[in-house]
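Enquirer: Quick one: the structure is below, questions incoming.
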Number of protein chains: 4
Amino acid sequence: MSADATVDFRSDNVGPASPEVLAALQAANQATAASYGEDQVSAALNRRFSELFETSVTVFPVATGTAANALALAACVKPYGGIYCYEQAHILTSEGAATEAFSGGARLVPVSGEGFRLQPQVLEAALPAAGSLPRHRPQPNAVSVTQATEYGTVYRLDELEAIGTIARSRGLRLQMDGARFANALVRLGSSPSAMTWRAGVDVLSFGATKNGGLNAEAIVVFDPTLVEDLSYRLRRAGQTWSKMRFAAAGLLAYVEGGLFLRSAARANRLAARLEAGLHVIPAVRVLAPVEANLVFVELPEPVIAALEAAGFLFFRRGSGRIRLVCRFDASEEDIDCLLEAVRRLASPGVSDESARAGD
Amino acid sequence: MSADATVDFRSDNVGPASPEVLAALQAANQATAASYGEDQVSAALNRRFSELFETSVTVFPVATGTAANALALAACVKPYGGIYCYEQAHILTSEGAATEAFSGGARLVPVSGEGFRLQPQVLEAALPAAGSLPRHRPQPNAVSVTQATEYGTVYRLDELEAIGTIARSRGLRLQMDGARFANALVRLGSSPSAMTWRAGVDVLSFGATKNGGLNAEAIVVFDPTLVEDLSYRLRRAGQTWSKMRFAAAGLLAYVEGGLFLRSAARANRLAARLEAGLHVIPAVRVLAPVEANLVFVELPEPVIAALEAAGFLFFRRGSGRIRLVCRFDASEEDIDCLLEAVRRLASPGVSDESARAGD
Amino acid sequence: MSADATVDFRSDNVGPASPEVLAALQAANQATAASYGEDQVSAALNRRFSELFETSVTVFPVATGTAANALALAACVKPYGGIYCYEQAHILTSEGAATEAFSGGARLVPVSGEGFRLQPQVLEAALPAAGSLPRHRPQPNAVSVTQATEYGTVYRLDELEAIGTIARSRGLRLQMDGARFANALVRLGSSPSAMTWRAGVDVLSFGATKNGGLNAEAIVVFDPTLVEDLSYRLRRAGQTWSKMRFAAAGLLAYVEGGLFLRSAARANRLAARLEAGLHVIPAVRVLAPVEANLVFVELPEPVIAALEAAGFLFFRRGSGRIRLVCRFDASEEDIDCLLEAVRRLASPGVSDESARAGD
Amino acid sequence: MSADATVDFRSDNVGPASPEVLAALQAANQATAASYGEDQVSAALNRRFSELFETSVTVFPVATGTAANALALAACVKPYGGIYCYEQAHILTSEGAATEAFSGGARLVPVSGEGFRLQPQVLEAALPAAGSLPRHRPQPNAVSVTQATEYGTVYRLDELEAIGTIARSRGLRLQMDGARFANALVRLGSSPSAMTWRAGVDVLSFGATKNGGLNAEAIVVFDPTLVEDLSYRLRRAGQTWSKMRFAAAGLLAYVEGGLFLRSAARANRLAARLEAGLHVIPAVRVLAPVEANLVFVELPEPVIAALEAAGFLFFRRGSGRIRLVCRFDASEEDIDCLLEAVRRLASPGVSDESARAGD
């Protein structure tokens with residue numbers, strides 16, 4: 001069966017780039033241009049993003065989200081600094097201690113919270129009182145939030161603003177991991193500015209790859225005092241492409257005419273459709289509110305095994321739990337095909353048999 | 001005049017990507033694929049390069065040459081190690097101390113030499129005698145050579161082999177910065193294997209961007225004991241693309257059917273044409289043997305100023321000296337146009353006038 | 001009252017050095033001697049500790065316990081490594097992220113446990129299965145145990161051996177933070193070898209300062225493959241004294257004739273006396289088994305405030321909780337003086353009044 | 001013969017501590033005291049040094065000169081910074097790349113100069129013009145001078161002031177490696193303030209060990225904006241002793257009543273005596289002006305070998321060259337004994353014979 005080609009819920013990353021992005025690379029491939037970001041396309045990228053965010057920003061294209069997060073945070077903290085983040089933040093669980101490495105040894109301080117995100121009052125309680133900082137503990141320097149979160153939930157604007165206020169009042173920088181920035185934006189119906197600098201965000205990892213980009217993300221800097229520092233850090237990190245115009249062209253195409261929002265809206269709709277279908281199946285429990293394009297569900301192990309045997313692709317998240325990622329390029333048929341399979345396999349008496357068949 | 005679009009000798013980096021590379025990206029943009037290099041295109045890349053190098057290699061695509069050099073060297077040395085290189089090596093002069101950063105503080109030890117490259121006997125003399133290593137000096141751990149060199153000269157195979165023998169006899173790793181690997185290869189008419197692992201090279205920064213690639217280079221690992229280490233270092237450096245298949249597809253296209261060799265041969269030929277033309281102009285002095293695609297020349301300041309005024313693009317290298325880079329996509333007309341201008345401007349009595357016109 | 005000079009339970013560190021240690025420094029201050037540890041006293045230190053540990057060891061004196069732990073661990077791990085430790089380990093809570101800094105960004109992975117220490121089965125469960133190591137997570141490289149623990153409890157030999165077996169079976173190094181090594185030794189009545197390398201410990205931070213030493217601790221290396229690496233790391237960390245013989249002389253005096261064991265036994269006895277007295281006071285709750293020289297107790301806030309007001313010195317450990325450290329140089333009178341005060345202040349009706357008096 | 005005990009010219013470090021320093025440690029060994037520098041002796045150290053330097057300073061005792069230099073410089077620079085120093089500076093040749101490690105990868109930029117020190121005009125020429133800083137080169141952040149220099153020469157005050165002016169005008173920090181600070185001070189007859197902050201020095205490595213101290217140096221901070229940063233860096237570097245009062249007491253004794261100046265004056269006088277005696281021996285060439293306590297001489301290899309054979313201790317500095325260090329605790333007899341031996345061995349006809357005897 002052809003399931004492994006088309007019914008793939010493993011990750012946003014397994015999908016293609018948007019055709020518009022590839023077309024932009026093609027279009028950029030003419031004449032010569034200054035290297036290392038001194039070209040006209042890179043200048044246009046800065047202008048375009050400054051319009052998009054309704055303030056003057058500096059944009060640094062980088063290869064990956066890990067680079068974006070770790071280098072942005074490195075510019076925000078001292079080597080002996082502490083970075084407060086949700087206990088399941090991607091920077092803590094999935095980036096190979098990149099932030100520790102690029103910062104020269106800063107400490108990520110995990111903070112628990114409901115809704116799979118930092119809660120302002122919990123963050124506040126976790127921060128040591130001003131003036132009481134012992135030298136043997138990392139000095140609080142920054143807060144990092146992921147929007148949308150690693151569990152597909154979304155911070156409300158007032159939550160972000162409250163976190164921003166806490167950060168500002170204590171002299172901490174606020175960094176946003178926006179690997180799924182567009183998905184959060186369309187969920188909230190918010191403007192990019194409201195969800196970032198107006199709420200106190202100093203620097204943003206603007207994700208594109210998960211939503212149709214092609215191997216380029218962007219660090220968007222709102223606080224101009226970080227720009228010089230970052231420009232050096234990026235160059236030495238091997239994140240400053242000599243043919244920068246290609247990365248800039250791809251990112252321009254990604255936002256042009258709201259492409260990134262349309263793609264994210266589509267992914268979110270597919271996830272909502274999936275959640276609605278799963279919700280009514282008794283054997284299935286949805287584990288987190290579906291506010292972006294991720295669906296975490298608990299279901300009987302035999303059903304999981306049977307789905308795998310049937311060719312559906314997805315990742316496990318511990319025993320009896322899986323993550324289903326809805327990509328912008330997936331189809332309603334993909335969703336319905338999975339729903340039908342779950343419905344069938346999770347019916348009483350069926351799952352045991354299927355599990356055996358899957359052995 | 002249209003010179004700034006077409007008569008551009010600034011750098012290899014200002015040029016386009018080969019159409020074949022872009023076509024390969026397009027072709028890779030279908031269906032889904034495993035992320036982080038677990039896909040089929042990445043597997044094909046390893047197979048293809050293993051054929052090319054006539055031995056089993058592991059290939060890690062990375063964003064830039066700086067990343068390739070610094071991370072490869074970091075895997076070769078201790079944090080307290082010393083890396084011996086030519087005193088004008090790119091890793092020393094132009095990579096923002098990336099190697100020091102990624103290695104955790106290793107020291108680059110500059111070694112002088114004729115022909116703009118390390119000479120085996122000079123290297124040998126610079127290395128401290130075995131068993132005499134004081135703890136207050138960096139421990140010699142690696143040697144780095146650039147092939148072709150930053151000055152467009154090329155190591156002979158016997159030179160590389162002699163350096164490889166020195167390295168091996170002292171337990172040092174040998175890394176090659178191959179930003180212009182293809183240019184050296186066609187110059188020597190050598191096989192990739194003869195110029196690398198057969199001569200003692202443990203790990204290669206395989207350059208593509210300067211010769212038609214698109215923002216992806218490759219670390220080619222000959223010593224299998226470096227692979228596991230590098231895989232972790234790359235991930236934490238933000239150099240492991242989630243949509244790795246695109247980088248792999250571009251690199252495959254770059255070598256497919258010998259494209260990279262044809263492109264480099266063309267660039268080398270243009271440089272030879274330029275050198276031949278400049279050589280006979282009395283006011284011009286060619287500063288380094290032209291063995292790849294770089295031409296360094298000394299000429300009167302007024303001539304340089306006049307060339308700039310006329311719209312020719314190039315970089316200065318100190319007073320009265322310029323670097324002219326011949327790209328694979330340049331034309332014989334570009335070369336001849338420049339030669340004609342130099343001839344005219346360097347004629348007695350002309351240069352002064354032109355210089356004034358250029359003010 | 002004179003309490004702040006004599007009734008001081010703040011820390012082991014507030015106390016003096018043993019007179020024998022100072023006398024040894026005086027004795028070492030004659031003639032000249034080779035620098036950086038090449039002297040005869042340093043050679044004697046290696047011999048003496050090799051006898052003490054019943055195996056050939058290399059001893060590196062260093063300035064502090066933080067240096068000992070962080071540098072020993074840095075030699076045990078890759079920069080992208082993970083170090084498994086108890087969730088309240090000193091290296092995690094109180095050393096300013098020194099281990100992260102010296103290792104180049106390794107991650108400390110906190111593991112919960114009963115008895116304020118790592119439990120073998122919990123550690124085992126926390127370690128990812130062999131062969132399943134994803135690149136985006138730190139690679140397990142080492143385990144660190146504190147003996148005696150930060151809470152004054154002591155690992156049994158069979159617990160250490162079980163942890164050692166787990167470490168060895170997975171290729172992990174085992175480091176021991178022995179800030180209170182002597183206290184654990186006398187508690188167990190064990191030999192130094194049984195509590196270290198025979199149980200699988202590769203490298204030990206041999207504490208002295210807390211127990212009568214004078215600003216010198218020692219890294220004791222059991223695994224000879226770590227020696228060369230550490231010798232470089234220490235020199236560049238500024239931890240290799242030029243006049244090393246003084247540090248070596250102090251450490252020799254510290255163990256000579258079992259001085260360190262007598263001092264620790266005395267401190268442990270004082271703690272036992274304190275615990276016995278506190279145990280029978282109804283308002284007091286002892287929070288951890290008293291197996292070394294630390295006593296953690298919970299008591300009413302007004303009592304704590306009244307003790308502070310009366311001049312007793314100690315540190316708080318959150319609301320209603322304090323830590324009382326019994327030093328080798330303290331006296332039975334100190335203990336009894338505190339016990340009497342607690343008894344009096346914790347009697348019904350007294351504490352409220354005292355608290356007011358303390359305002 | 002007893003030469004190896006008494007006629008030892010190897011290094012300042014092979015000598016003893018001043019008796020006053022040891023007596024101070026003894027005196028500090030009573031009662032209890034707050035740890036980590038919060039004690040009264042440490043407070044007194046800050047007051048005493050503030051008087052000595054005629055301005056409010058913060059003093060951080062550290063274990064070694066390497067720690068003092070590397071951590072002070074780390075606080076002065078960005079991880080991507082460049083530190084300009086004399087090409088034979090101790091930080092470059094003899095500290096195991098500690099500065100690179102603690103700074104997170106900064107680059108030491110060697111600058112040549114006459115008199116074995118930085119010359120203002122050469123430094124100025126070496127610094128890139130303001131506003132022309134490319135991202136691929138380390139950003140100039142600091143200048144480091146050694147006073148007295150590694151070759152026993154001494155910067156004049158006007159030289160230091162000129163360097164200070166250059167540093168200030170370009171926004172660079174100025175750090176002084178004062179491993180032989182006292183020797184320079186007595187040579188110039190200058191005040192500590194004139195030789196440091198009044199000349200533009202921001203932070204000083206105040207050496208004591210080479211001149212009678214006991215395994216403690218001091219970072220003296222003139223620029224208060226560096227204090228907070230350093231306090232964190234030192235703690236995580238394992239350079240903050242818990243029993244700090246002992247280090248503070250030793251440093252106080254070192255300066256009390258001008259002890260450090262008397263010791264340095266004596267060492268300088270011995271070196272002058274040695275130089276005067278060597279100067280008139282035809283076979284001997286003094287290689288550097290003798291302005292502190294170091295004498296570098298060139299003499300025939302057979303004479304060197306004969307001196308070694310006779311039991312004199314010293315270090316070689318390449319073929320036919322040796323360094324003779326005059327310690328504060330050496331005697332006129334030591335000097336005269338060496339002079340006599342050189343005179344005898346360097347006489348025509350004698351050296352050949354002695355060399356054979358020494359085989």
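Order determines the names: the first chain of the structure tokens is A, the second B, and so forth; residues in each chain are numbered 1 upward, and ligands are numbered 1 upward as they are shown.
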Please, which residues of chain D lie no more than 8 Å from chain C when the count uses only C-alpha atoms, and can they be set out as a PyMOL selection string?
Expert: chain D and resi 5-6+8+13-17+22+25-26+29-35+63-68+95-98+101-102+209+214-215+232+235-244+246
Enquirer: Can you tell me, as a ChimeraX atom specification, which residues in segment 147-238 of chain B count as strand (DSSP E or B) by DSSP?
Expert: /B:173-178,203-206,217-221
Enquirer: What's around Val284 of chain C at 12 Å? Count only C-alpha atoms, leave out sequence neighbours fewer than 6 positions away in its own chain, and write the answer as a ChimeraX atom specification.
Expert: /C:274-278,295-301,303-304,320-322,339,342-343,345-347
Enquirer: Take the selection from the previous step and output its residues with N, CA, C and O atoms, as a tab-separated table (two decimals), in the first residue's frame.
Expert:
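Output file out-v3.tsv is given in full below:
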```tsv
chain	number	residue	atom	x	y	z
C	274	LEU	N	23.71	16.04	68.44
C	274	LEU	CA	22.71	17.07	68.14
C	274	LEU	C	21.39	16.43	67.72
C	274	LEU	O	20.32	16.80	68.20
C	275	GLU	N	21.49	15.46	66.87
C	275	GLU	CA	20.28	14.78	66.38
C	275	GLU	C	19.54	14.10	67.54
C	275	GLU	O	18.31	14.19	67.64
C	276	ALA	N	20.31	13.44	68.37
C	276	ALA	CA	19.68	12.74	69.50
C	276	ALA	C	18.93	13.73	70.39
C	276	ALA	O	17.81	13.46	70.85
C	277	GLY	N	19.51	14.87	70.60
C	277	GLY	CA	18.87	15.87	71.45
C	277	GLY	C	17.64	16.48	70.78
C	277	GLY	O	16.61	16.70	71.43
C	278	LEU	N	17.74	16.74	69.50
C	278	LEU	CA	16.63	17.38	68.79
C	278	LEU	C	15.46	16.41	68.61
C	278	LEU	O	14.29	16.81	68.61
C	295	VAL	N	22.79	18.23	59.95
C	295	VAL	CA	21.49	17.99	60.56
C	295	VAL	C	20.49	18.98	59.96
C	295	VAL	O	20.65	20.19	60.08
C	296	PHE	N	19.51	18.44	59.24
C	296	PHE	CA	18.46	19.27	58.66
C	296	PHE	C	17.22	19.13	59.51
C	296	PHE	O	16.76	18.02	59.76
C	297	VAL	N	16.69	20.24	59.96
C	297	VAL	CA	15.50	20.16	60.82
C	297	VAL	C	14.44	21.15	60.41
C	297	VAL	O	14.72	22.22	59.86
C	298	GLU	N	13.23	20.75	60.71
C	298	GLU	CA	12.08	21.63	60.53
C	298	GLU	C	11.65	22.05	61.92
C	298	GLU	O	11.53	21.20	62.82
C	299	LEU	N	11.44	23.34	62.09
C	299	LEU	CA	10.92	23.79	63.38
C	299	LEU	C	10.15	25.09	63.17
C	299	LEU	O	10.27	25.72	62.12
C	300	PRO	N	9.34	25.47	64.13
C	300	PRO	CA	8.47	26.64	63.92
C	300	PRO	C	9.28	27.89	63.60
C	300	PRO	O	10.33	28.13	64.21
C	301	GLU	N	8.77	28.65	62.67
C	301	GLU	CA	9.46	29.89	62.26
C	301	GLU	C	9.81	30.78	63.45
C	301	GLU	O	10.92	31.32	63.50
C	303	VAL	N	10.64	29.97	66.35
C	303	VAL	CA	11.81	29.41	67.02
C	303	VAL	C	13.08	29.73	66.22
C	303	VAL	O	14.11	30.12	66.79
C	304	ILE	N	12.97	29.58	64.93
C	304	ILE	CA	14.13	29.92	64.08
C	304	ILE	C	14.53	31.37	64.29
C	304	ILE	O	15.72	31.69	64.51
C	320	GLY	N	10.75	27.49	57.41
C	320	GLY	CA	10.65	26.59	58.54
C	320	GLY	C	11.71	25.51	58.58
C	320	GLY	O	11.61	24.56	59.37
C	321	ARG	N	12.71	25.63	57.75
C	321	ARG	CA	13.73	24.59	57.69
C	321	ARG	C	15.13	25.21	57.78
C	321	ARG	O	15.40	26.23	57.17
C	322	ILE	N	15.98	24.56	58.53
C	322	ILE	CA	17.35	25.04	58.65
C	322	ILE	C	18.33	23.88	58.53
C	322	ILE	O	17.97	22.72	58.69
C	339	LEU	N	21.09	22.93	71.84
C	339	LEU	CA	19.98	22.07	72.24
C	339	LEU	C	19.16	22.74	73.34
C	339	LEU	O	17.92	22.74	73.31
C	342	VAL	N	17.03	25.49	71.87
C	342	VAL	CA	15.87	24.99	71.12
C	342	VAL	C	14.81	24.47	72.08
C	342	VAL	O	13.61	24.76	71.93
C	343	ARG	N	15.25	23.72	73.07
C	343	ARG	CA	14.31	23.17	74.04
C	343	ARG	C	13.49	24.27	74.70
C	343	ARG	O	12.27	24.22	74.80
C	345	LEU	N	13.11	27.45	73.61
C	345	LEU	CA	12.33	28.27	72.68
C	345	LEU	C	11.15	27.51	72.08
C	345	LEU	O	10.14	28.11	71.71
C	346	ALA	N	11.30	26.21	72.00
C	346	ALA	CA	10.24	25.42	71.35
C	346	ALA	C	9.18	24.95	72.34
C	346	ALA	O	8.22	24.29	71.95
C	347	SER	N	9.34	25.28	73.62
C	347	SER	CA	8.31	24.91	74.59
C	347	SER	C	7.04	25.69	74.30
C	347	SER	O	7.09	26.85	73.90
```
Enquirer: Step one, run DSSP on the backbone; step two, keep only residues of segment 53-128 of chain D assigned to alpha helix (DSSP H); then write them as a ChimeraX atom specification.
Expert: /D:53,65-76,90-93,98-103,120-126
Enquirer: Considering only C-alpha atoms, return as number ranges by chain whatever protein or nucleic-acid residues lie within 12 Å of Gly258 of chain D, sequence-local ones (same chain, fewer than 6 positions apart) excluded.
Expert: D: 20, 48, 52, 182, 185-186, 192, 251-252, 264-265
Enquirer: Please produce a file of the residues just selected, as a compact mmCIF listing (two decimals), in the first residue's frame, where the atoms kept are all heavy atoms.
Expert:
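As a result, out-v8.txt now contains:
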```txt
# COMPACT_ATOMS: atom_id res chain seq x y z
N GLU D 20 56.59 36.27 56.71
CA GLU D 20 55.47 37.10 57.14
C GLU D 20 54.15 36.59 56.59
O GLU D 20 53.10 36.72 57.22
CB GLU D 20 55.68 38.55 56.67
CG GLU D 20 56.85 39.27 57.31
CD GLU D 20 58.17 39.08 56.55
OE1 GLU D 20 58.30 38.07 55.80
OE2 GLU D 20 59.06 39.93 56.70
N ARG D 48 42.63 47.90 52.28
CA ARG D 48 44.08 48.11 52.22
C ARG D 48 44.55 48.36 50.79
O ARG D 48 45.36 49.26 50.53
CB ARG D 48 44.79 46.88 52.80
CG ARG D 48 46.30 46.98 52.84
CD ARG D 48 46.75 48.02 53.84
NE ARG D 48 48.19 48.31 53.70
CZ ARG D 48 48.70 49.24 52.90
NH1 ARG D 48 47.89 49.99 52.17
NH2 ARG D 48 50.00 49.43 52.82
N LEU D 52 46.31 51.54 48.95
CA LEU D 52 47.55 51.35 48.20
C LEU D 52 47.44 51.94 46.79
O LEU D 52 48.38 52.56 46.29
CB LEU D 52 47.83 49.84 48.11
CG LEU D 52 49.15 49.36 47.53
CD1 LEU D 52 50.32 49.80 48.41
CD2 LEU D 52 49.15 47.82 47.42
N ALA D 182 55.65 44.22 41.41
CA ALA D 182 56.49 44.91 42.39
C ALA D 182 57.87 45.23 41.82
O ALA D 182 58.42 46.30 42.08
CB ALA D 182 56.62 44.06 43.66
N LEU D 185 57.52 48.25 39.78
CA LEU D 185 57.22 49.42 40.62
C LEU D 185 58.51 50.00 41.21
O LEU D 185 58.73 51.22 41.15
CB LEU D 185 56.29 48.95 41.75
CG LEU D 185 55.20 49.88 42.26
CD1 LEU D 185 54.38 50.47 41.13
CD2 LEU D 185 54.28 49.08 43.19
N VAL D 186 59.35 49.14 41.77
CA VAL D 186 60.57 49.66 42.38
C VAL D 186 61.54 50.15 41.31
O VAL D 186 62.30 51.10 41.54
CB VAL D 186 61.24 48.62 43.31
CG1 VAL D 186 60.30 48.27 44.46
CG2 VAL D 186 61.64 47.38 42.55
N PRO D 192 51.79 52.79 42.79
CA PRO D 192 50.91 51.79 42.15
C PRO D 192 49.83 52.45 41.28
O PRO D 192 49.47 51.91 40.23
CB PRO D 192 50.31 51.05 43.35
CG PRO D 192 51.34 51.17 44.42
CD PRO D 192 51.95 52.54 44.24
N LEU D 251 47.78 37.88 51.36
CA LEU D 251 48.00 39.03 50.49
C LEU D 251 48.19 40.32 51.29
O LEU D 251 48.98 41.20 50.92
CB LEU D 251 46.84 39.18 49.50
CG LEU D 251 46.81 38.09 48.41
CD1 LEU D 251 45.46 38.04 47.72
CD2 LEU D 251 47.93 38.34 47.38
N LEU D 252 47.46 40.41 52.40
CA LEU D 252 47.64 41.59 53.27
C LEU D 252 49.07 41.62 53.82
O LEU D 252 49.72 42.68 53.82
CB LEU D 252 46.64 41.55 54.43
CG LEU D 252 45.25 42.14 54.12
CD1 LEU D 252 44.27 41.80 55.24
CD2 LEU D 252 45.35 43.66 53.94
N ALA D 264 61.10 42.87 46.20
CA ALA D 264 61.35 43.10 44.77
C ALA D 264 62.62 43.92 44.57
O ALA D 264 63.41 43.65 43.64
CB ALA D 264 60.15 43.80 44.13
N ALA D 265 62.83 44.88 45.43
CA ALA D 265 64.03 45.70 45.30
C ALA D 265 65.27 44.83 45.46
O ALA D 265 66.26 44.98 44.75
CB ALA D 265 64.01 46.82 46.36
```
Enquirer: Find the residues near Arg168 of chain C: any atom within 12 Å, counting only C-alpha atoms, skip ones fewer than 4 places away on the same chain, and give them as a PyMOL selection string.
Expert: chain C and resi 124+141-143+161-164+172-175+197+199-202
